[in-house]
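Structure below is entry30.cif: mmCIF, C-alpha atoms (C1' of nucleotides).
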```
data_entry
loop_
_atom_site.label_atom_id
_atom_site.label_comp_id
_atom_site.auth_asym_id
_atom_site.auth_seq_id
_atom_site.Cartn_x
_atom_site.Cartn_y
_atom_site.Cartn_z
CA MET A 1 3.56 -3.02 13.95
CA ALA A 2 5.27 -3.36 10.60
CA ARG A 3 5.48 -1.04 7.65
CA SER A 4 2.29 0.14 6.00
CA PRO A 5 1.19 -2.31 3.32
CA THR A 6 2.16 -1.36 -0.20
CA THR A 7 -1.50 -1.43 -1.07
CA ALA A 8 -2.36 1.24 1.48
CA ASP A 9 -2.31 4.20 -0.89
CA ALA A 10 -0.59 5.76 -3.87
CA PHE A 11 2.41 6.77 -1.76
CA THR A 12 3.27 3.27 -0.64
CA ALA A 13 2.57 1.85 -4.08
CA ILE A 14 4.97 4.16 -5.92
CA ALA A 15 7.67 3.67 -3.31
CA GLU A 16 8.76 0.60 -5.25
CA PRO A 17 11.00 1.56 -8.19
CA ARG A 18 9.71 -1.21 -10.40
CA ARG A 19 6.16 0.01 -10.01
CA ARG A 20 7.26 3.45 -11.09
CA GLU A 21 8.87 1.79 -14.09
CA ILE A 22 5.58 0.16 -14.98
CA LEU A 23 3.76 3.47 -14.79
CA GLY A 24 6.48 5.00 -16.94
CA ALA A 25 6.18 2.26 -19.53
CA LEU A 26 2.43 2.71 -19.69
CA ALA A 27 2.75 6.47 -19.97
CA ASN A 28 5.14 6.32 -22.91
CA THR A 29 2.55 4.69 -25.09
CA GLY A 30 -0.54 6.69 -24.36
CA GLY A 31 -1.22 4.81 -21.16
CA LYS A 32 -2.87 1.59 -22.36
CA ARG A 33 -1.19 -1.80 -22.84
CA ASP A 34 -1.68 -5.46 -22.02
CA VAL A 35 0.47 -7.60 -19.76
CA SER A 36 2.35 -9.39 -22.53
CA TRP A 37 3.49 -6.10 -23.93
CA LEU A 38 4.74 -4.97 -20.53
CA VAL A 39 6.53 -8.27 -19.95
CA GLN A 40 8.25 -7.92 -23.31
CA ARG A 41 9.09 -4.29 -22.79
CA LEU A 42 10.37 -4.58 -19.23
CA GLY A 43 12.00 -7.96 -19.59
CA TRP A 44 10.84 -9.20 -16.19
CA PRO A 45 9.22 -12.55 -15.36
CA GLN A 46 5.51 -12.41 -16.06
CA PRO A 47 4.40 -13.17 -12.48
CA GLN A 48 6.42 -10.25 -11.21
CA VAL A 49 4.74 -7.90 -13.64
CA SER A 50 1.30 -9.24 -12.74
CA LYS A 51 1.96 -8.89 -9.04
CA HIS A 52 3.10 -5.31 -9.32
CA LEU A 53 0.13 -4.53 -11.53
CA GLY A 54 -2.04 -6.01 -8.83
CA VAL A 55 -0.71 -3.54 -6.29
CA LEU A 56 -1.12 -0.62 -8.67
CA ARG A 57 -4.65 -1.69 -9.38
CA LYS A 58 -5.56 -2.04 -5.72
CA VAL A 59 -4.63 1.56 -5.03
CA GLY A 60 -6.32 2.73 -8.21
CA LEU A 61 -3.22 3.86 -10.07
CA VAL A 62 -4.21 1.67 -13.00
CA ASN A 63 -7.43 0.23 -14.31
CA VAL A 64 -7.95 -3.10 -16.07
CA GLU A 65 -10.08 -3.99 -19.02
CA ARG A 66 -10.70 -7.56 -20.14
CA ARG A 67 -10.04 -7.99 -23.82
CA GLY A 68 -10.42 -11.67 -24.61
CA LYS A 69 -7.62 -13.49 -22.88
CA ARG A 70 -5.67 -10.26 -22.67
CA ARG A 71 -5.97 -7.73 -19.89
CA VAL A 72 -5.38 -4.19 -20.89
CA TYR A 73 -4.03 -1.96 -18.16
CA SER A 74 -4.34 1.80 -18.29
CA LEU A 75 -2.94 4.61 -16.23
CA ASN A 76 -5.29 6.40 -13.88
CA GLY A 77 -3.90 9.88 -13.54
CA ALA A 78 -6.47 10.95 -10.98
CA GLU A 79 -4.83 8.81 -8.34
CA LEU A 80 -1.37 10.19 -9.08
CA ARG A 81 -2.82 13.60 -8.53
CA THR A 82 -3.08 12.78 -4.83
CA VAL A 83 0.70 12.67 -4.74
CA TYR A 84 1.01 15.74 -6.90
CA ASP A 85 -1.24 17.83 -4.69
CA TRP A 86 0.62 16.76 -1.59
CA VAL A 87 4.07 17.55 -2.87
CA LYS A 88 3.00 20.72 -4.62
CA ALA A 89 2.08 22.17 -1.24
CA TYR A 90 5.82 22.25 -0.49
CA GLU A 91 6.66 24.12 -3.65
CA ARG A 92 7.74 27.24 -1.82
CA PHE A 93 10.41 25.27 -0.01
CA TRP A 94 12.40 24.71 -3.12
CA GLN A 95 11.39 27.97 -4.74
CA HIS A 96 12.65 29.72 -1.62
CA GLN A 97 15.99 28.22 -2.29
CA LEU A 98 15.90 29.21 -5.92
CA GLN A 99 14.80 32.67 -4.89
CA ARG A 100 17.69 32.88 -2.47
CA VAL A 101 20.08 31.91 -5.23
CA LYS A 102 18.52 34.51 -7.49
CA ASP A 103 18.59 37.22 -4.82
CA ARG A 104 22.20 36.52 -4.14
CA ALA A 105 23.07 36.75 -7.81
CA GLU A 106 21.26 40.09 -8.07
CA ARG A 107 22.95 41.47 -4.99
CA ILE A 108 26.32 40.54 -6.36
CA GLU A 109 25.40 42.15 -9.64
CA ARG A 110 24.36 45.38 -7.89
CA GLU A 111 27.59 45.42 -5.94
CA ARG A 112 29.59 44.86 -9.06
CA LYS A 113 27.98 47.91 -10.67
CA LYS A 114 28.48 50.01 -7.54
CA GLU A 115 32.16 49.33 -7.60
CA ASN A 116 32.39 50.74 -11.09
CA ARG A 117 30.82 54.01 -10.03
CA PRO A 118 32.77 56.37 -7.79
CA ASN A 119 31.09 57.00 -4.48
CA MET B 1 14.59 -9.94 -1.59
CA ALA B 2 12.56 -7.71 0.71
CA ARG B 3 11.11 -4.28 0.20
CA SER B 4 13.45 -1.42 -0.60
CA PRO B 5 14.73 0.17 2.61
CA THR B 6 12.89 3.27 3.69
CA THR B 7 16.17 5.12 3.51
CA ALA B 8 16.61 4.33 -0.16
CA ASP B 9 15.25 7.59 -1.51
CA ALA B 10 12.62 10.29 -1.05
CA PHE B 11 9.87 8.01 -2.41
CA THR B 12 10.35 5.28 0.18
CA ALA B 13 10.82 7.83 2.95
CA ILE B 14 7.55 9.64 2.32
CA ALA B 15 5.62 6.39 1.96
CA GLU B 16 5.21 6.39 5.74
CA PRO B 17 2.28 8.63 6.78
CA ARG B 18 3.96 9.73 9.99
CA ARG B 19 6.96 10.99 8.12
CA ARG B 20 4.69 13.05 5.92
CA GLU B 21 3.15 14.41 9.12
CA ILE B 22 6.57 15.47 10.33
CA LEU B 23 7.27 17.27 7.08
CA GLY B 24 3.89 18.93 7.35
CA ALA B 25 4.54 20.06 10.90
CA LEU B 26 7.88 21.53 9.88
CA ALA B 27 6.37 23.28 6.90
CA ASN B 28 3.66 24.98 8.91
CA THR B 29 6.19 26.94 10.90
CA GLY B 30 8.60 28.11 8.28
CA GLY B 31 10.37 24.78 8.17
CA LYS B 32 12.70 24.94 11.17
CA ARG B 33 12.06 23.39 14.62
CA ASP B 34 13.79 21.28 17.24
CA VAL B 35 12.86 17.77 18.32
CA SER B 36 11.14 18.79 21.55
CA TRP B 37 8.81 21.04 19.66
CA LEU B 38 7.93 18.24 17.25
CA VAL B 39 7.38 15.79 20.10
CA GLN B 40 5.05 18.28 21.79
CA ARG B 41 3.24 19.12 18.60
CA LEU B 42 2.79 15.58 17.32
CA GLY B 43 2.23 13.95 20.69
CA TRP B 44 4.31 10.88 19.85
CA PRO B 45 7.00 9.24 21.97
CA GLN B 46 10.30 11.01 21.51
CA PRO B 47 12.23 7.99 20.21
CA GLN B 48 9.66 7.53 17.48
CA VAL B 49 10.07 11.12 16.36
CA SER B 50 13.85 10.83 16.40
CA LYS B 51 13.80 7.63 14.42
CA HIS B 52 11.58 9.06 11.71
CA LEU B 53 13.70 12.18 11.60
CA GLY B 54 16.70 9.92 11.12
CA VAL B 55 15.15 8.40 8.02
CA LEU B 56 14.20 11.80 6.63
CA ARG B 57 17.70 13.03 7.24
CA LYS B 58 19.32 10.05 5.56
CA VAL B 59 17.46 10.71 2.35
CA GLY B 60 18.11 14.44 2.59
CA LEU B 61 14.53 15.56 3.12
CA VAL B 62 15.60 17.43 6.24
CA ASN B 63 18.82 18.92 7.53
CA VAL B 64 20.02 19.13 11.12
CA GLU B 65 21.74 21.91 12.93
CA ARG B 66 23.20 21.54 16.42
CA ARG B 67 22.05 24.28 18.72
CA GLY B 68 23.37 23.53 22.16
CA LYS B 69 21.65 20.43 23.37
CA ARG B 70 18.86 20.99 20.89
CA ARG B 71 18.88 19.81 17.32
CA VAL B 72 17.07 22.00 14.90
CA TYR B 73 15.63 20.21 11.90
CA SER B 74 14.73 22.01 8.72
CA LEU B 75 12.93 21.04 5.58
CA ASN B 76 15.00 20.53 2.46
CA GLY B 77 12.69 21.31 -0.42
CA ALA B 78 15.23 20.37 -3.05
CA GLU B 79 14.83 16.70 -2.23
CA LEU B 80 11.04 16.88 -2.39
CA ARG B 81 11.44 18.30 -5.82
CA THR B 82 12.61 14.89 -6.99
CA VAL B 83 9.15 13.60 -6.26
CA TYR B 84 7.51 16.66 -7.74
CA ASP B 85 9.38 16.34 -11.01
CA TRP B 86 8.55 12.67 -11.29
CA VAL B 87 4.84 13.03 -10.72
CA LYS B 88 4.54 16.21 -12.76
CA ALA B 89 5.57 14.23 -15.80
CA TYR B 90 2.20 12.49 -15.56
CA GLU B 91 0.25 15.72 -15.43
CA ARG B 92 -1.37 15.16 -18.80
CA PHE B 93 -2.92 11.95 -17.53
CA TRP B 94 -5.17 13.72 -15.12
CA GLN B 95 -5.57 16.79 -17.27
CA HIS B 96 -6.72 14.48 -20.05
CA GLN B 97 -9.45 13.30 -17.78
CA LEU B 98 -10.39 16.82 -16.76
CA GLN B 99 -10.37 17.80 -20.43
CA ARG B 100 -12.63 14.89 -21.21
CA VAL B 101 -15.00 15.96 -18.47
CA LYS B 102 -14.90 19.50 -19.78
CA ASP B 103 -15.43 18.42 -23.39
CA ARG B 104 -18.39 16.34 -22.36
CA ALA B 105 -19.91 19.24 -20.44
CA GLU B 106 -19.47 21.52 -23.45
CA ARG B 107 -20.96 19.00 -25.83
CA ILE B 108 -23.98 18.60 -23.59
CA GLU B 109 -24.28 22.38 -23.39
CA ARG B 110 -24.16 22.67 -27.19
CA GLU B 111 -26.79 20.01 -27.54
CA ARG B 112 -29.00 21.67 -25.00
CA LYS B 113 -28.88 24.90 -26.98
CA LYS B 114 -29.53 23.10 -30.24
CA GLU B 115 -32.71 21.64 -28.85
CA ASN B 116 -33.97 25.09 -28.05
CA ARG B 117 -33.44 26.28 -31.58
CA PRO B 118 -35.65 24.86 -34.31
CA ASN B 119 -33.65 23.01 -36.92
"C1'" DT C 1 31.96 16.84 38.88
"C1'" DT C 2 27.28 16.04 39.12
"C1'" DG C 3 22.59 16.18 37.91
"C1'" DA C 4 19.07 17.47 34.70
"C1'" DC C 5 17.64 17.78 30.27
"C1'" DA C 6 17.52 16.79 25.00
"C1'" DT C 7 18.17 13.55 21.70
"C1'" DA C 8 19.75 9.23 19.59
"C1'" DT C 9 20.38 4.28 19.64
"C1'" DT C 10 19.57 -0.57 20.72
"C1'" DC C 11 16.86 -4.63 21.38
"C1'" DC C 12 12.73 -7.21 20.69
"C1'" DC C 13 8.73 -8.71 18.01
"C1'" DG C 14 4.93 -9.16 14.73
"C1'" DT C 15 4.15 -8.18 10.09
"C1'" DA C 16 4.52 -7.58 5.27
"C1'" DT C 17 6.97 -7.44 1.86
"C1'" DA C 18 9.68 -8.74 -3.36
"C1'" DG C 19 11.48 -12.25 -5.97
"C1'" DG C 20 11.66 -17.17 -7.65
"C1'" DA C 21 9.36 -21.30 -8.83
"C1'" DA C 22 5.44 -23.75 -9.46
"C1'" DT C 23 0.75 -23.93 -10.32
"C1'" DA C 24 -4.05 -22.36 -11.02
"C1'" DT C 25 -7.51 -19.97 -13.87
"C1'" DA C 26 -9.52 -18.23 -17.99
"C1'" DT C 27 -10.09 -17.84 -22.91
"C1'" DT C 28 -9.60 -19.08 -27.62
"C1'" DG C 29 -9.44 -22.15 -31.61
"C1'" DA C 30 -9.43 -26.67 -33.75
"C1'" DT D 1 -13.31 -31.77 -25.70
"C1'" DC D 2 -8.51 -30.62 -25.82
"C1'" DA D 3 -4.32 -28.04 -26.36
"C1'" DA D 4 -2.26 -23.56 -26.42
"C1'" DT D 5 -1.93 -19.08 -24.81
"C1'" DA D 6 -2.42 -15.17 -21.40
"C1'" DT D 7 -2.62 -13.92 -16.90
"C1'" DA D 8 -3.18 -14.46 -11.88
"C1'" DT D 9 -2.25 -16.81 -7.58
"C1'" DT D 10 0.18 -19.57 -4.18
"C1'" DC D 11 4.08 -21.06 -1.56
"C1'" DC D 12 8.59 -20.17 -0.04
"C1'" DT D 13 12.42 -17.34 2.08
"C1'" DA D 14 15.32 -13.49 3.39
"C1'" DT D 15 14.83 -8.97 4.74
"C1'" DA D 16 13.51 -4.85 6.93
"C1'" DC D 17 10.46 -2.57 8.77
"C1'" DG D 18 7.63 0.45 12.91
"C1'" DG D 19 6.40 0.65 17.60
"C1'" DG D 20 7.51 -0.03 22.61
"C1'" DA D 21 10.72 -0.09 26.24
"C1'" DA D 22 15.03 0.60 27.91
"C1'" DT D 23 19.28 2.69 27.58
"C1'" DA D 24 23.17 5.38 25.68
"C1'" DT D 25 25.14 9.84 24.32
"C1'" DG D 26 25.76 14.65 24.54
"C1'" DT D 27 25.33 19.22 26.61
"C1'" DC D 28 24.39 22.65 29.86
"C1'" DA D 29 24.30 24.75 34.62
"C1'" DA D 30 25.54 24.88 39.32
#
```

Structure translated into structure tokens:
Amino acid sequence: MARSPTTADAFTAIAEPRRREILGALANTGGKRDVSWLVQRLGWPQPQVSKHLGVLRKVGLVNVERRGKRRVYSLNGAELRTVYDWVKAYERFWQHQLQRVKDRAERIERERKKENRPN
Amino acid sequence: MARSPTTADAFTAIAEPRRREILGALANTGGKRDVSWLVQRLGWPQPQVSKHLGVLRKVGLVNVERRGKRRVYSLNGAELRTVYDWVKAYERFWQHQLQRVKDRAERIERERKKENRPN
DNA sequence: TTGACATATTCCCGTATAGGAATATATTGA
DNA sequence: TCAATATATTCCTATACGGGAATATGTCAA
């Protein structure tokens, strides 16, 4: 078997840096723009932009709206939330580390004060 | 060009469902276990587990510690935080939607009350 | 040293990419 | 109808996967 298709879910879709760039570009402008604008903004060939948008659309990270000959793409935050919820469940694993750093700093501070007081 | 290697960064590494399973298994037990335990727990062939662990290690999502002939793997939350920070920046895009849902519910509620009161 | 155990690595294969180039499809206006 | 514009799709190729099977490496204990 090969790798999971990029269209499998939000995780595989955002694995590609350029697709994250597209989401970022959409986000910076309120989350709604047509393809021409994205092509101009990103400076990539139009087919490349369309293809990446196709992947993002298939996994529901963006929605499309026909507007004459334009197609307006918009961010769908709900789908990104899948990723957010997953990673947030690991929060304690980096907060632990921060806590450890904090604890250590406090211990050192206590010891510093102790040294100033005679025993 | 092909797809970005899975060892490129945390995003590509966690795109694979089985690697997320490994992280999940580690997390459920305080974040520190050897390979045999993971093999037992996940029920996959040992080489498969080792190979996925190799990818996770290369991107820094886990650390290894030699313990005799065992190798103890531990979660490295700091690297997951990369993903967290990225996705958190889009928070408003799903909160917007929740807000919209909430606003709509409140508007409907107001209108329901209005109907009960004579104008 | 030797054997048993734990883990990593290699080789093979089918599959699915991402990018480039070319082309197809759809929509508008004259 | 026809040309122009906007966007999507197709075809091509190099690349790198993930799983299975086999094997290599490393470490302990007797």

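The residues returned by the PyMOL selection byres ((chain D and resi 5) around 9) for this structure are A:Lys69, C:DT27, C:DT28, D:DA4, D:DA6.
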
May I have the selected residues written with C-alpha atoms (C1' of nucleotides), as a tab-separated table (two decimals), keeping the file's coordinate frame?
```tsv
chain	number	residue	atom	x	y	z
A	69	LYS	CA	-7.62	-13.49	-22.88
C	27	DT	C1'	-10.09	-17.84	-22.91
C	28	DT	C1'	-9.60	-19.08	-27.62
D	4	DA	C1'	-2.26	-23.56	-26.42
D	6	DA	C1'	-2.42	-15.17	-21.40
```

### Query
Do you know which residues the PyMOL selection byres ((chain D) within 6 of (chain A)) returns on this file, as an NGL selection string?
:D and (6 or 17-19)

Superposed chain A (ref. Chain B, all C-alpha pairs in order) as a compact mmCIF listing (two decimals) with C-alpha atoms, keeping the file's coordinate frame:
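File produced: superposed18.txt:
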```
# COMPACT_ATOMS: atom_id res chain seq x y z
CA MET A 1 14.80 -9.86 -1.67
CA ALA A 2 12.72 -7.70 0.62
CA ARG A 3 11.23 -4.27 0.17
CA SER A 4 13.51 -1.37 -0.63
CA PRO A 5 14.84 0.21 2.55
CA THR A 6 13.00 3.29 3.70
CA THR A 7 16.26 5.15 3.47
CA ALA A 8 16.65 4.40 -0.23
CA ASP A 9 15.22 7.65 -1.54
CA ALA A 10 12.57 10.30 -1.03
CA PHE A 11 9.84 8.00 -2.34
CA THR A 12 10.38 5.29 0.23
CA ALA A 13 10.87 7.82 3.00
CA ILE A 14 7.56 9.61 2.44
CA ALA A 15 5.69 6.34 2.09
CA GLU A 16 5.32 6.33 5.86
CA PRO A 17 2.39 8.53 6.96
CA ARG A 18 4.09 9.63 10.14
CA ARG A 19 7.06 10.94 8.22
CA ARG A 20 4.73 12.97 6.07
CA GLU A 21 3.23 14.30 9.28
CA ILE A 22 6.65 15.40 10.45
CA LEU A 23 7.30 17.22 7.20
CA GLY A 24 3.89 18.84 7.52
CA ALA A 25 4.59 19.96 11.06
CA LEU A 26 7.89 21.47 10.02
CA ALA A 27 6.32 23.21 7.05
CA ASN A 28 3.62 24.89 9.11
CA THR A 29 6.16 26.86 11.06
CA GLY A 30 8.51 28.06 8.40
CA GLY A 31 10.33 24.76 8.26
CA LYS A 32 12.69 24.92 11.25
CA ARG A 33 12.14 23.36 14.68
CA ASP A 34 13.93 21.25 17.27
CA VAL A 35 13.04 17.75 18.37
CA SER A 36 11.38 18.74 21.63
CA TRP A 37 9.00 20.97 19.78
CA LEU A 38 8.09 18.18 17.38
CA VAL A 39 7.60 15.72 20.23
CA GLN A 40 5.28 18.18 21.95
CA ARG A 41 3.42 19.02 18.79
CA LEU A 42 2.97 15.47 17.52
CA GLY A 43 2.49 13.82 20.87
CA TRP A 44 4.58 10.78 20.00
CA PRO A 45 7.32 9.15 22.09
CA GLN A 46 10.59 10.97 21.59
CA PRO A 47 12.52 7.96 20.23
CA GLN A 48 9.93 7.50 17.53
CA VAL A 49 10.28 11.09 16.42
CA SER A 50 14.08 10.84 16.42
CA LYS A 51 14.02 7.64 14.42
CA HIS A 52 11.75 9.04 11.76
CA LEU A 53 13.85 12.19 11.61
CA GLY A 54 16.84 9.95 11.09
CA VAL A 55 15.26 8.43 8.00
CA LEU A 56 14.27 11.82 6.64
CA ARG A 57 17.76 13.08 7.20
CA LYS A 58 19.38 10.11 5.49
CA VAL A 59 17.48 10.77 2.29
CA GLY A 60 18.09 14.50 2.56
CA LEU A 61 14.51 15.58 3.14
CA VAL A 62 15.61 17.44 6.25
CA ASN A 63 18.83 18.95 7.48
CA VAL A 64 20.07 19.19 11.07
CA GLU A 65 21.80 21.98 12.87
CA ARG A 66 23.33 21.60 16.32
CA ARG A 67 22.19 24.33 18.64
CA GLY A 68 23.59 23.55 22.07
CA LYS A 69 21.90 20.43 23.30
CA ARG A 70 19.08 21.01 20.85
CA ARG A 71 19.04 19.83 17.27
CA VAL A 72 17.16 22.00 14.90
CA TYR A 73 15.68 20.21 11.92
CA SER A 74 14.73 22.02 8.75
CA LEU A 75 12.89 21.03 5.63
CA ASN A 76 14.92 20.54 2.48
CA GLY A 77 12.56 21.30 -0.35
CA ALA A 78 15.06 20.40 -3.04
CA GLU A 79 14.71 16.73 -2.22
CA LEU A 80 10.92 16.86 -2.33
CA ARG A 81 11.26 18.30 -5.77
CA THR A 82 12.44 14.90 -6.97
CA VAL A 83 8.98 13.58 -6.18
CA TYR A 84 7.30 16.63 -7.63
CA ASP A 85 9.12 16.35 -10.94
CA TRP A 86 8.30 12.68 -11.22
CA VAL A 87 4.61 13.02 -10.56
CA LYS A 88 4.25 16.19 -12.58
CA ALA A 89 5.25 14.23 -15.67
CA TYR A 90 1.89 12.45 -15.37
CA GLU A 91 -0.07 15.67 -15.21
CA ARG A 92 -1.75 15.11 -18.54
CA PHE A 93 -3.27 11.89 -17.25
CA TRP A 94 -5.49 13.66 -14.84
CA GLN A 95 -5.91 16.74 -16.98
CA HIS A 96 -7.08 14.45 -19.76
CA GLN A 97 -9.82 13.33 -17.50
CA LEU A 98 -10.71 16.86 -16.55
CA GLN A 99 -10.63 17.80 -20.20
CA ARG A 100 -12.94 14.93 -21.01
CA VAL A 101 -15.34 16.11 -18.35
CA LYS A 102 -15.15 19.62 -19.73
CA ASP A 103 -15.61 18.49 -23.33
CA ARG A 104 -18.61 16.48 -22.36
CA ALA A 105 -20.16 19.42 -20.56
CA GLU A 106 -19.61 21.63 -23.61
CA ARG A 107 -21.06 19.08 -25.97
CA ILE A 108 -24.14 18.78 -23.84
CA GLU A 109 -24.40 22.54 -23.75
CA ARG A 110 -24.17 22.76 -27.55
CA GLU A 111 -26.83 20.11 -27.92
CA ARG A 112 -29.07 21.89 -25.49
CA LYS A 113 -28.85 25.06 -27.59
CA LYS A 114 -29.43 23.14 -30.82
CA GLU A 115 -32.64 21.75 -29.49
CA ASN A 116 -33.94 25.23 -28.90
CA ARG A 117 -33.35 26.22 -32.49
CA PRO A 118 -35.52 24.72 -35.22
CA ASN A 119 -33.57 22.71 -37.73
```

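With only C-alpha atoms (C1' of nucleotides) taken into account, chain C has DC13, DG14, DT15, DA16, DT17, DA18, DG19, DG20, DA26, DT27 and DT28 of chain C at most 10 Å from chain A.
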
### Task
For chain B, list the residues within 10 Å of chain A, counting only C-alpha atoms, and write the list as a PyMOL selection string.
chain B and resi 3-6+8-17+20+23-24+27+30-31+75-98

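A straight line drawn from atom CA of B:Val59 to atom CA of B:Arg33 is 18.5 Å long.
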
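Atom CA of A:Lys32 is found 17.2 Å from atom CA of A:Lys58.
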
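The spacing separating atom CA of A:Leu26 from atom C1' of C:DT25 amounts to 25.4 Å.
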
The PyMOL selection byres ((chain C and resi 30) around 10) - which residues does that actually catch in the file I just gave you? List them as a CSV table (one decimal) with C-alpha atoms (C1' of nucleotides), in the frame of the given file.
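Below is the file selection-v3.csv, written as the result:
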```csv
chain,number,residue,atom,x,y,z
C,28,DT,C1',-9.6,-19.1,-27.6
C,29,DG,C1',-9.4,-22.2,-31.6
D,2,DC,C1',-8.5,-30.6,-25.8
D,3,DA,C1',-4.3,-28.0,-26.4
```

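When the distance limit is 9 Å and all atoms listed in the file are what count, the residues near C:DT9, minus those fewer than 4 positions from it on the same chain, are Pro47 of chain B; DT23, DA24 and DT25 of chain D.
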